[in-house]
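J.: Sharing data-v3.csv (CSV, C-alpha atoms) below.
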```
chain,number,residue,atom,x,y,z
J,920,MET,CA,-24.7,-29.8,-31.9
J,921,GLU,CA,-27.0,-27.8,-29.7
J,922,THR,CA,-27.0,-24.0,-29.9
J,923,ALA,CA,-26.6,-21.8,-26.9
J,924,GLU,CA,-30.1,-20.7,-27.2
J,925,GLN,CA,-31.4,-24.3,-27.3
J,926,PHE,CA,-29.1,-25.0,-24.3
J,927,ILE,CA,-30.6,-22.4,-22.0
J,928,ARG,CA,-34.2,-22.9,-23.1
J,929,ARG,CA,-36.7,-23.5,-20.3
J,930,GLU,CA,-36.7,-27.1,-19.2
J,931,PRO,CA,-39.1,-28.9,-17.0
J,932,TRP,CA,-37.8,-29.7,-13.5
J,933,THR,CA,-39.5,-32.2,-11.2
J,934,ALA,CA,-40.1,-31.3,-7.6
J,935,GLU,CA,-37.3,-33.7,-6.6
J,936,GLU,CA,-34.9,-32.1,-9.2
J,937,LYS,CA,-35.7,-28.6,-7.9
J,938,LYS,CA,-34.7,-29.7,-4.4
J,939,ILE,CA,-31.4,-31.1,-5.8
J,940,ALA,CA,-30.8,-28.0,-7.8
J,941,HIS,CA,-31.3,-25.7,-4.9
J,942,ARG,CA,-29.0,-27.8,-2.7
J,943,ALA,CA,-26.3,-27.9,-5.4
J,944,PHE,CA,-26.6,-24.2,-5.9
J,945,ASP,CA,-26.2,-23.5,-2.2
J,946,GLU,CA,-23.3,-25.9,-2.0
J,947,ALA,CA,-21.4,-24.3,-4.8
J,948,LEU,CA,-22.1,-20.8,-3.4
J,949,ALA,CA,-20.9,-21.9,0.1
J,950,ARG,CA,-17.7,-23.4,-1.5
J,951,HIS,CA,-17.0,-20.3,-3.5
J,952,LEU,CA,-17.5,-18.0,-0.5
J,953,SER,CA,-15.4,-20.2,1.7
J,954,ALA,CA,-12.6,-20.1,-0.9
J,955,ILE,CA,-12.9,-16.3,-1.1
J,956,THR,CA,-12.8,-16.0,2.7
J,957,ALA,CA,-9.7,-18.3,2.9
J,958,LYS,CA,-7.8,-16.3,0.3
J,959,ALA,CA,-8.8,-13.0,1.9
J,960,LYS,CA,-7.6,-14.1,5.3
J,961,GLN,CA,-4.3,-15.3,3.7
J,962,MET,CA,-3.9,-11.9,1.9
J,963,MET,CA,-4.6,-10.1,5.2
J,964,ALA,CA,-2.0,-12.2,7.0
J,965,GLU,CA,0.6,-11.1,4.5
J,966,VAL,CA,-0.3,-7.4,4.6
J,967,VAL,CA,2.9,-5.4,5.1
J,968,GLU,CA,2.5,-2.2,3.2
J,969,PRO,CA,-0.8,-0.1,3.1
J,970,SER,CA,-0.8,-0.9,-0.6
J,971,ASP,CA,-1.3,-4.6,0.3
J,972,LEU,CA,-4.5,-3.5,2.1
J,973,TRP,CA,-5.8,-1.8,-1.1
J,974,THR,CA,-5.0,-4.9,-3.1
J,975,LEU,CA,-7.1,-6.9,-0.7
J,976,GLU,CA,-9.9,-4.4,-1.0
J,977,ALA,CA,-9.8,-4.7,-4.8
J,978,TYR,CA,-9.9,-8.5,-4.4
J,979,LEU,CA,-12.9,-8.4,-2.1
J,980,THR,CA,-14.7,-5.9,-4.4
J,981,GLU,CA,-14.1,-8.1,-7.5
J,982,SER,CA,-15.1,-11.2,-5.6
J,983,ARG,CA,-18.3,-9.7,-4.3
J,984,LYS,CA,-19.3,-8.6,-7.8
J,985,THR,CA,-18.5,-12.0,-9.3
J,986,VAL,CA,-20.6,-13.7,-6.7
J,987,ASP,CA,-23.5,-11.3,-7.2
J,988,ARG,CA,-23.4,-11.7,-10.9
J,989,THR,CA,-22.9,-15.5,-10.9
J,990,TYR,CA,-25.3,-16.8,-8.3
J,991,GLN,CA,-28.7,-16.1,-9.7
J,992,PHE,CA,-31.1,-19.0,-9.4
J,993,ARG,CA,-33.2,-19.1,-12.5
J,994,TYR,CA,-34.4,-22.4,-14.0
J,995,SER,CA,-34.2,-20.9,-17.5
J,996,SER,CA,-30.4,-20.6,-17.2
J,997,LEU,CA,-29.6,-23.1,-14.5
J,998,LEU,CA,-28.0,-25.7,-16.8
J,999,GLN,CA,-25.6,-23.0,-18.2
J,1000,LEU,CA,-24.9,-21.8,-14.6
J,1001,PHE,CA,-24.2,-25.4,-13.4
J,1002,SER,CA,-21.9,-25.9,-16.4
J,1003,ASP,CA,-19.9,-22.8,-15.4
J,1004,LEU,CA,-19.8,-23.9,-11.8
J,1005,VAL,CA,-18.6,-27.4,-12.7
J,1006,ARG,CA,-16.0,-25.9,-15.1
J,1007,ASP,CA,-14.7,-23.6,-12.3
J,1008,GLY,CA,-14.7,-26.4,-9.7
J,1009,TRP,CA,-17.4,-25.0,-7.4
J,1010,LEU,CA,-19.9,-27.7,-8.3
J,1011,LYS,CA,-18.9,-31.4,-8.2
J,1012,GLU,CA,-20.5,-34.1,-10.4
J,1013,ALA,CA,-21.7,-35.8,-7.3
J,1014,ASP,CA,-23.9,-32.7,-6.5
J,1015,LEU,CA,-25.8,-33.4,-9.7
J,1016,ALA,CA,-26.9,-36.9,-8.7
J,1017,GLY,CA,-30.6,-37.3,-9.0
J,1018,LEU,CA,-31.1,-34.9,-12.0
J,1019,GLU,CA,-32.3,-36.6,-15.1
J,1020,PRO,CA,-29.3,-38.0,-17.2
J,1021,GLN,CA,-30.1,-35.7,-20.1
J,1022,LYS,CA,-29.6,-32.6,-17.9
J,1023,ILE,CA,-26.4,-34.0,-16.4
J,1024,THR,CA,-25.0,-34.6,-19.9
J,1025,LYS,CA,-25.8,-31.1,-20.9
J,1026,ILE,CA,-24.2,-29.6,-17.8
J,1027,LYS,CA,-21.1,-31.7,-18.4
J,1028,ARG,CA,-21.0,-30.9,-22.1
J,1029,GLY,CA,-21.3,-27.2,-21.2
J,1030,ALA,CA,-18.5,-27.5,-18.7
J,1031,GLY,CA,-16.3,-28.9,-21.5
J,1032,MET,CA,-16.0,-32.3,-19.8
J,1033,PHE,CA,-16.3,-34.1,-23.1
J,1034,ARG,CA,-13.6,-32.2,-25.0
K,519,MET,CA,-12.2,36.1,15.0
K,520,GLU,CA,-10.4,34.9,11.9
K,521,THR,CA,-12.5,33.8,8.9
K,522,ALA,CA,-12.0,30.4,7.3
K,523,GLU,CA,-10.7,32.1,4.2
K,524,GLN,CA,-8.1,34.1,6.2
K,525,PHE,CA,-7.2,30.9,8.0
K,526,ILE,CA,-6.3,28.9,4.9
K,527,ARG,CA,-4.6,31.8,3.1
K,528,ARG,CA,-1.1,31.2,1.9
K,529,GLU,CA,1.5,31.7,4.7
K,530,PRO,CA,5.2,31.8,4.4
K,531,TRP,CA,7.0,28.7,5.6
K,532,THR,CA,10.7,28.7,6.3
K,533,ALA,CA,12.9,25.8,5.0
K,534,GLU,CA,13.1,24.4,8.5
K,535,GLU,CA,9.3,24.7,9.0
K,536,LYS,CA,8.8,22.9,5.7
K,537,LYS,CA,10.9,20.0,6.9
K,538,ILE,CA,8.9,19.8,10.1
K,539,ALA,CA,5.6,20.0,8.2
K,540,HIS,CA,6.6,17.2,5.9
K,541,ARG,CA,7.7,15.0,8.8
K,542,ALA,CA,4.5,15.8,10.7
K,543,PHE,CA,2.4,15.0,7.6
K,544,ASP,CA,4.2,11.7,7.1
K,545,GLU,CA,3.9,10.8,10.7
K,546,ALA,CA,0.1,11.5,10.8
K,547,LEU,CA,-0.4,9.5,7.6
K,548,ALA,CA,1.6,6.5,9.0
K,549,ARG,CA,-0.4,6.6,12.2
K,550,HIS,CA,-3.7,6.7,10.3
K,551,LEU,CA,-2.7,3.8,8.0
K,552,SER,CA,-1.4,1.8,10.9
K,553,ALA,CA,-4.8,2.3,12.7
K,554,ILE,CA,-6.7,1.3,9.5
K,555,THR,CA,-4.6,-1.8,9.1
K,556,ALA,CA,-5.0,-2.8,12.8
K,557,LYS,CA,-8.8,-2.4,12.6
K,558,ALA,CA,-9.0,-4.3,9.3
K,559,LYS,CA,-6.9,-7.2,10.7
K,560,GLN,CA,-9.2,-7.2,13.8
K,561,MET,CA,-12.3,-7.3,11.5
K,562,MET,CA,-10.8,-10.1,9.4
K,563,ALA,CA,-10.1,-12.1,12.5
K,564,GLU,CA,-13.8,-11.8,13.5
K,565,VAL,CA,-15.2,-12.8,10.0
K,566,VAL,CA,-17.7,-15.5,10.4
K,567,GLU,CA,-20.4,-14.9,7.8
K,568,PRO,CA,-19.6,-13.8,4.2
K,569,SER,CA,-21.5,-10.6,5.0
K,570,ASP,CA,-18.7,-9.8,7.5
K,571,LEU,CA,-16.3,-9.9,4.5
K,572,TRP,CA,-18.3,-7.3,2.6
K,573,THR,CA,-18.5,-5.2,5.7
K,574,LEU,CA,-14.7,-5.3,5.8
K,575,GLU,CA,-14.6,-4.5,2.1
K,576,ALA,CA,-16.8,-1.4,2.7
K,577,TYR,CA,-14.5,-0.3,5.6
K,578,LEU,CA,-11.4,-0.6,3.4
K,579,THR,CA,-13.0,1.3,0.5
K,580,GLU,CA,-14.2,4.1,2.8
K,581,SER,CA,-10.8,4.2,4.5
K,582,ARG,CA,-8.9,4.4,1.2
K,583,LYS,CA,-11.1,7.3,0.0
K,584,THR,CA,-10.8,9.1,3.3
K,585,VAL,CA,-7.0,8.8,3.2
K,586,ASP,CA,-6.8,9.9,-0.5
K,587,ARG,CA,-9.0,12.9,0.2
K,588,THR,CA,-7.4,13.9,3.4
K,589,TYR,CA,-3.6,13.6,2.8
K,590,GLN,CA,-2.9,16.3,0.2
K,591,PHE,CA,0.2,18.2,1.0
K,592,ARG,CA,-0.5,21.8,0.0
K,593,TYR,CA,1.0,24.8,2.0
K,594,SER,CA,-2.1,26.8,1.1
K,595,SER,CA,-4.3,24.5,3.2
K,596,LEU,CA,-1.7,22.9,5.5
K,597,LEU,CA,-2.8,24.7,8.7
K,598,GLN,CA,-6.4,23.6,8.2
K,599,LEU,CA,-5.2,20.0,7.4
K,600,PHE,CA,-3.1,20.0,10.5
K,601,SER,CA,-6.0,21.3,12.6
K,602,ASP,CA,-8.1,18.4,11.3
K,603,LEU,CA,-5.4,15.9,12.0
K,604,VAL,CA,-4.8,17.2,15.5
K,605,ARG,CA,-8.6,17.1,16.2
K,606,ASP,CA,-8.8,13.5,14.9
K,607,GLY,CA,-5.7,12.4,16.9
K,608,TRP,CA,-3.4,11.6,14.0
K,609,LEU,CA,-1.2,14.5,14.7
K,610,LYS,CA,0.2,15.3,18.2
K,611,GLU,CA,1.1,18.7,19.5
K,612,ALA,CA,4.7,17.5,19.8
K,613,ASP,CA,4.8,17.0,16.0
K,614,LEU,CA,4.3,20.7,15.6
K,615,ALA,CA,7.4,21.7,17.6
K,616,GLY,CA,9.6,24.1,15.6
K,617,LEU,CA,6.7,25.8,13.7
K,618,GLU,CA,6.3,29.4,14.5
K,619,PRO,CA,4.1,30.0,17.6
K,620,GLN,CA,1.4,31.8,15.5
K,621,LYS,CA,1.0,28.7,13.2
K,622,ILE,CA,0.7,26.4,16.2
K,623,THR,CA,-1.9,28.6,17.8
K,624,LYS,CA,-3.9,28.6,14.5
K,625,ILE,CA,-3.7,24.9,14.2
K,626,LYS,CA,-4.8,24.3,17.8
K,627,ARG,CA,-7.6,26.9,17.5
K,628,GLY,CA,-8.8,25.1,14.3
K,629,ALA,CA,-8.7,21.8,16.1
K,630,GLY,CA,-11.0,23.2,18.8
K,631,MET,CA,-8.4,23.0,21.5
K,632,PHE,CA,-9.3,26.3,23.0
K,633,ARG,CA,-13.0,25.7,23.2
```
Just dump the structure as structure tokens.
T.:
Amino acid sequence: METAEQFIRREPWTAEEKKIAHRAFDEALARHLSAITAKAKQMMAEVVEPSDLWTLEAYLTESRKTVDRTYQFRYSSLLQLFSDLVRDGWLKEADLAGLEPQKITKIKRGAGMFR
Amino acid sequence: METAEQFIRREPWTAEEKKIAHRAFDEALARHLSAITAKAKQMMAEVVEPSDLWTLEAYLTESRKTVDRTYQFRYSSLLQLFSDLVRDGWLKEADLAGLEPQKITKIKRGAGMFR
């Protein structure tokens, strides 16, 4: 069983893998932002009381902070990030195609896909 | 010329004036919240980029703080508040009808209506 420290240790990425990783990262971010936008539009459509407006404000603030905190592209922690994104549904297994099998296995294991 | 301190000093309000003051306050608040809601809905309708969403968030945060800071019902500072609300268009002169003429004059003077 790999420790968390071992898991997030620096791994070599080929030029091709780096391209795939950037594309996957951008794709997950776009999906996440698109979902936030859709939910915010839905909430706004249902605003009746001013308090509904402040609920929407709180949702936007929380979402922005989550996005800022989550989407940090660093190779040293990319496998862990991709695991989290797979777990939360923002990254699909297909987005990982082209990464070396060992990385994919680690990402899926981190996402709890083998439990 | 009255000083600001004199202006906001405690003034006697009759029971009838208190009723009018509460109604005017509520009316101004309702107009203000309604305008914020309309503008927010407009901004949401025009959201294209995620950054538009954070612009909307900032607008909501600023609006909530402005409302919280502005709408504090205290007789000791009500004339000043009403002056500000008249100046900013949230309170109409008609809302003041029934207050003693001296109060109305002070409110209008504070709102810069005699300049």
J.: Please identify every residue of chain J that has at least one atom no farther than 12 Å from an atom of chain K, counting only C-alpha atoms, and for each give the shortest atom pair and the distance in Å to one decimal, arranged by chain then increasing number, as a tab-separated table.
T.:
```
residue	atom	partner	partner_atom	distance
J:Leu948	CA	K:Pro568	CA	10.6
J:Ala949	CA	K:Pro568	CA	9.2
J:Arg950	CA	K:Pro568	CA	11.3
J:His951	CA	K:Pro568	CA	10.4
J:Leu952	CA	K:Pro568	CA	6.6
J:Ser953	CA	K:Pro568	CA	8.1
J:Ala954	CA	K:Pro568	CA	10.7
J:Ile955	CA	K:Pro568	CA	8.9
J:Thr956	CA	K:Leu571	CA	7.3
J:Ala957	CA	K:Met562	CA	10.5
J:Lys958	CA	K:Met562	CA	11.4
J:Ala959	CA	K:Met562	CA	8.3
J:Lys960	CA	K:Met562	CA	6.6
J:Gln961	CA	K:Met562	CA	10.1
J:Met962	CA	K:Met562	CA	10.3
J:Met963	CA	K:Lys559	CA	6.6
J:Ala964	CA	K:Lys559	CA	7.9
J:Glu965	CA	K:Lys559	CA	10.5
J:Val966	CA	K:Thr555	CA	8.4
J:Val967	CA	K:Thr555	CA	9.2
J:Glu968	CA	K:Thr555	CA	9.2
J:Pro969	CA	K:Leu551	CA	6.5
J:Ser970	CA	K:Arg582	CA	9.8
J:Asp971	CA	K:Thr555	CA	9.8
J:Leu972	CA	K:Thr555	CA	7.2
J:Trp973	CA	K:Leu578	CA	7.3
J:Thr974	CA	K:Leu578	CA	10.1
J:Leu975	CA	K:Glu575	CA	8.4
J:Glu976	CA	K:Glu575	CA	5.6
J:Ala977	CA	K:Glu575	CA	8.4
J:Tyr978	CA	K:Glu575	CA	9.0
J:Leu979	CA	K:Glu575	CA	6.0
J:Thr980	CA	K:Glu575	CA	6.6
J:Glu981	CA	K:Glu575	CA	10.3
J:Ser982	CA	K:Trp572	CA	9.6
J:Arg983	CA	K:Trp572	CA	7.3
J:Lys984	CA	K:Trp572	CA	10.5
J:Val986	CA	K:Pro568	CA	10.9
J:Asp987	CA	K:Trp572	CA	11.8
```
J.: Rounded to one decimal in Å, what is the spacing between CA of Ser601 in chain K and CA of Thr532 in chain K?
T.: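 CA of Thr532 in chain K lies at a distance of 19.3 Å from CA of Ser601 in chain K.
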J.: Which value, in Å to one decimal, gives the distance between CA of Ala546 in chain K and CA of Glu529 in chain K?
T.: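 Result for CA of Ala546 in chain K versus CA of Glu529 in chain K: 21.1 Å, one decimal.
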J.: Please report the interatomic distance between CA of Glu935 in chain J and CA of Trp1009 in chain J in Å with one decimal.
T.: 21.7 Å
J.: With only C-alpha atoms as the basis for distance, which of K:Ala629, K:Leu617, K:Leu599, K:Ile622 is at the shortest distance from Glu535 in chain K?
T.: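 Closest residue, counting only C-alpha atoms: K:Leu617.
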J.: Would you mind completing range 539-561 of chain K so that it carries N, CA, C and O atoms, and writing it out as a PDB file, in the coordinates of the input?
T.:
```pdb
ATOM      1  N   ALA K 539       6.995  20.268   8.709  1.00  0.00           N
ATOM      2  CA  ALA K 539       5.600  20.000   8.200  1.00  0.00           C
ATOM      3  C   ALA K 539       5.574  18.698   7.435  1.00  0.00           C
ATOM      4  O   ALA K 539       4.626  17.917   7.610  1.00  0.00           O
ATOM      5  N   HIS K 540       6.598  18.436   6.624  1.00  0.00           N
ATOM      6  CA  HIS K 540       6.600  17.200   5.900  1.00  0.00           C
ATOM      7  C   HIS K 540       6.706  15.977   6.839  1.00  0.00           C
ATOM      8  O   HIS K 540       6.025  14.965   6.657  1.00  0.00           O
ATOM      9  N   ARG K 541       7.544  16.122   7.862  1.00  0.00           N
ATOM     10  CA  ARG K 541       7.700  15.000   8.800  1.00  0.00           C
ATOM     11  C   ARG K 541       6.399  14.792   9.573  1.00  0.00           C
ATOM     12  O   ARG K 541       5.981  13.647   9.776  1.00  0.00           O
ATOM     13  N   ALA K 542       5.737  15.881   9.971  1.00  0.00           N
ATOM     14  CA  ALA K 542       4.500  15.800  10.700  1.00  0.00           C
ATOM     15  C   ALA K 542       3.397  15.115   9.829  1.00  0.00           C
ATOM     16  O   ALA K 542       2.649  14.234  10.280  1.00  0.00           O
ATOM     17  N   PHE K 543       3.360  15.544   8.579  1.00  0.00           N
ATOM     18  CA  PHE K 543       2.400  15.000   7.600  1.00  0.00           C
ATOM     19  C   PHE K 543       2.610  13.484   7.472  1.00  0.00           C
ATOM     20  O   PHE K 543       1.674  12.683   7.571  1.00  0.00           O
ATOM     21  N   ASP K 544       3.876  13.097   7.239  1.00  0.00           N
ATOM     22  CA  ASP K 544       4.200  11.700   7.100  1.00  0.00           C
ATOM     23  C   ASP K 544       3.862  10.867   8.308  1.00  0.00           C
ATOM     24  O   ASP K 544       3.371   9.735   8.224  1.00  0.00           O
ATOM     25  N   GLU K 545       4.139  11.467   9.442  1.00  0.00           N
ATOM     26  CA  GLU K 545       3.900  10.800  10.700  1.00  0.00           C
ATOM     27  C   GLU K 545       2.392  10.547  10.907  1.00  0.00           C
ATOM     28  O   GLU K 545       1.969   9.453  11.293  1.00  0.00           O
ATOM     29  N   ALA K 546       1.582  11.577  10.626  1.00  0.00           N
ATOM     30  CA  ALA K 546       0.100  11.500  10.800  1.00  0.00           C
ATOM     31  C   ALA K 546      -0.413  10.390   9.814  1.00  0.00           C
ATOM     32  O   ALA K 546      -1.229   9.543  10.200  1.00  0.00           O
ATOM     33  N   LEU K 547       0.070  10.432   8.588  1.00  0.00           N
ATOM     34  CA  LEU K 547      -0.400   9.500   7.600  1.00  0.00           C
ATOM     35  C   LEU K 547      -0.004   8.030   8.036  1.00  0.00           C
ATOM     36  O   LEU K 547      -0.826   7.109   7.946  1.00  0.00           O
ATOM     37  N   ALA K 548       1.199   7.872   8.530  1.00  0.00           N
ATOM     38  CA  ALA K 548       1.600   6.500   9.000  1.00  0.00           C
ATOM     39  C   ALA K 548       0.774   6.050  10.145  1.00  0.00           C
ATOM     40  O   ALA K 548       0.363   4.886  10.176  1.00  0.00           O
ATOM     41  N   ARG K 549       0.476   6.956  11.086  1.00  0.00           N
ATOM     42  CA  ARG K 549      -0.400   6.600  12.200  1.00  0.00           C
ATOM     43  C   ARG K 549      -1.775   6.173  11.739  1.00  0.00           C
ATOM     44  O   ARG K 549      -2.348   5.192  12.203  1.00  0.00           O
ATOM     45  N   HIS K 550      -2.295   6.966  10.809  1.00  0.00           N
ATOM     46  CA  HIS K 550      -3.700   6.700  10.300  1.00  0.00           C
ATOM     47  C   HIS K 550      -3.709   5.363   9.587  1.00  0.00           C
ATOM     48  O   HIS K 550      -4.600   4.540   9.836  1.00  0.00           O
ATOM     49  N   LEU K 551      -2.724   5.113   8.708  1.00  0.00           N
ATOM     50  CA  LEU K 551      -2.700   3.800   8.000  1.00  0.00           C
ATOM     51  C   LEU K 551      -2.492   2.666   8.902  1.00  0.00           C
ATOM     52  O   LEU K 551      -3.079   1.592   8.706  1.00  0.00           O
ATOM     53  N   SER K 552      -1.692   2.888   9.919  1.00  0.00           N
ATOM     54  CA  SER K 552      -1.400   1.800  10.900  1.00  0.00           C
ATOM     55  C   SER K 552      -2.731   1.476  11.640  1.00  0.00           C
ATOM     56  O   SER K 552      -3.028   0.301  11.892  1.00  0.00           O
ATOM     57  N   ALA K 553      -3.506   2.500  11.977  1.00  0.00           N
ATOM     58  CA  ALA K 553      -4.800   2.300  12.700  1.00  0.00           C
ATOM     59  C   ALA K 553      -5.781   1.548  11.775  1.00  0.00           C
ATOM     60  O   ALA K 553      -6.504   0.652  12.211  1.00  0.00           O
ATOM     61  N   ILE K 554      -5.812   1.946  10.493  1.00  0.00           N
ATOM     62  CA  ILE K 554      -6.700   1.300   9.500  1.00  0.00           C
ATOM     63  C   ILE K 554      -6.330  -0.186   9.395  1.00  0.00           C
ATOM     64  O   ILE K 554      -7.184  -1.078   9.417  1.00  0.00           O
ATOM     65  N   THR K 555      -5.027  -0.443   9.277  1.00  0.00           N
ATOM     66  CA  THR K 555      -4.600  -1.800   9.100  1.00  0.00           C
ATOM     67  C   THR K 555      -4.912  -2.659  10.350  1.00  0.00           C
ATOM     68  O   THR K 555      -5.405  -3.785  10.222  1.00  0.00           O
ATOM     69  N   ALA K 556      -4.694  -2.081  11.536  1.00  0.00           N
ATOM     70  CA  ALA K 556      -5.000  -2.800  12.800  1.00  0.00           C
ATOM     71  C   ALA K 556      -6.489  -3.145  12.844  1.00  0.00           C
ATOM     72  O   ALA K 556      -6.870  -4.276  13.177  1.00  0.00           O
ATOM     73  N   LYS K 557      -7.331  -2.158  12.507  1.00  0.00           N
ATOM     74  CA  LYS K 557      -8.800  -2.400  12.600  1.00  0.00           C
ATOM     75  C   LYS K 557      -9.207  -3.436  11.550  1.00  0.00           C
ATOM     76  O   LYS K 557     -10.036  -4.308  11.826  1.00  0.00           O
ATOM     77  N   ALA K 558      -8.626  -3.350  10.343  1.00  0.00           N
ATOM     78  CA  ALA K 558      -9.000  -4.300   9.300  1.00  0.00           C
ATOM     79  C   ALA K 558      -8.573  -5.726   9.691  1.00  0.00           C
ATOM     80  O   ALA K 558      -9.314  -6.682   9.465  1.00  0.00           O
ATOM     81  N   LYS K 559      -7.408  -5.860  10.288  1.00  0.00           N
ATOM     82  CA  LYS K 559      -6.900  -7.200  10.700  1.00  0.00           C
ATOM     83  C   LYS K 559      -7.882  -7.741  11.812  1.00  0.00           C
ATOM     84  O   LYS K 559      -8.204  -8.925  11.829  1.00  0.00           O
ATOM     85  N   GLN K 560      -8.291  -6.840  12.697  1.00  0.00           N
ATOM     86  CA  GLN K 560      -9.200  -7.200  13.800  1.00  0.00           C
ATOM     87  C   GLN K 560     -10.559  -7.692  13.142  1.00  0.00           C
ATOM     88  O   GLN K 560     -11.110  -8.736  13.519  1.00  0.00           O
ATOM     89  N   MET K 561     -11.067  -6.921  12.177  1.00  0.00           N
ATOM     90  CA  MET K 561     -12.300  -7.300  11.500  1.00  0.00           C
ATOM     91  C   MET K 561     -12.199  -8.616  10.801  1.00  0.00           C
ATOM     92  O   MET K 561     -13.110  -9.448  10.834  1.00  0.00           O
TER      93      MET K 561
END
```
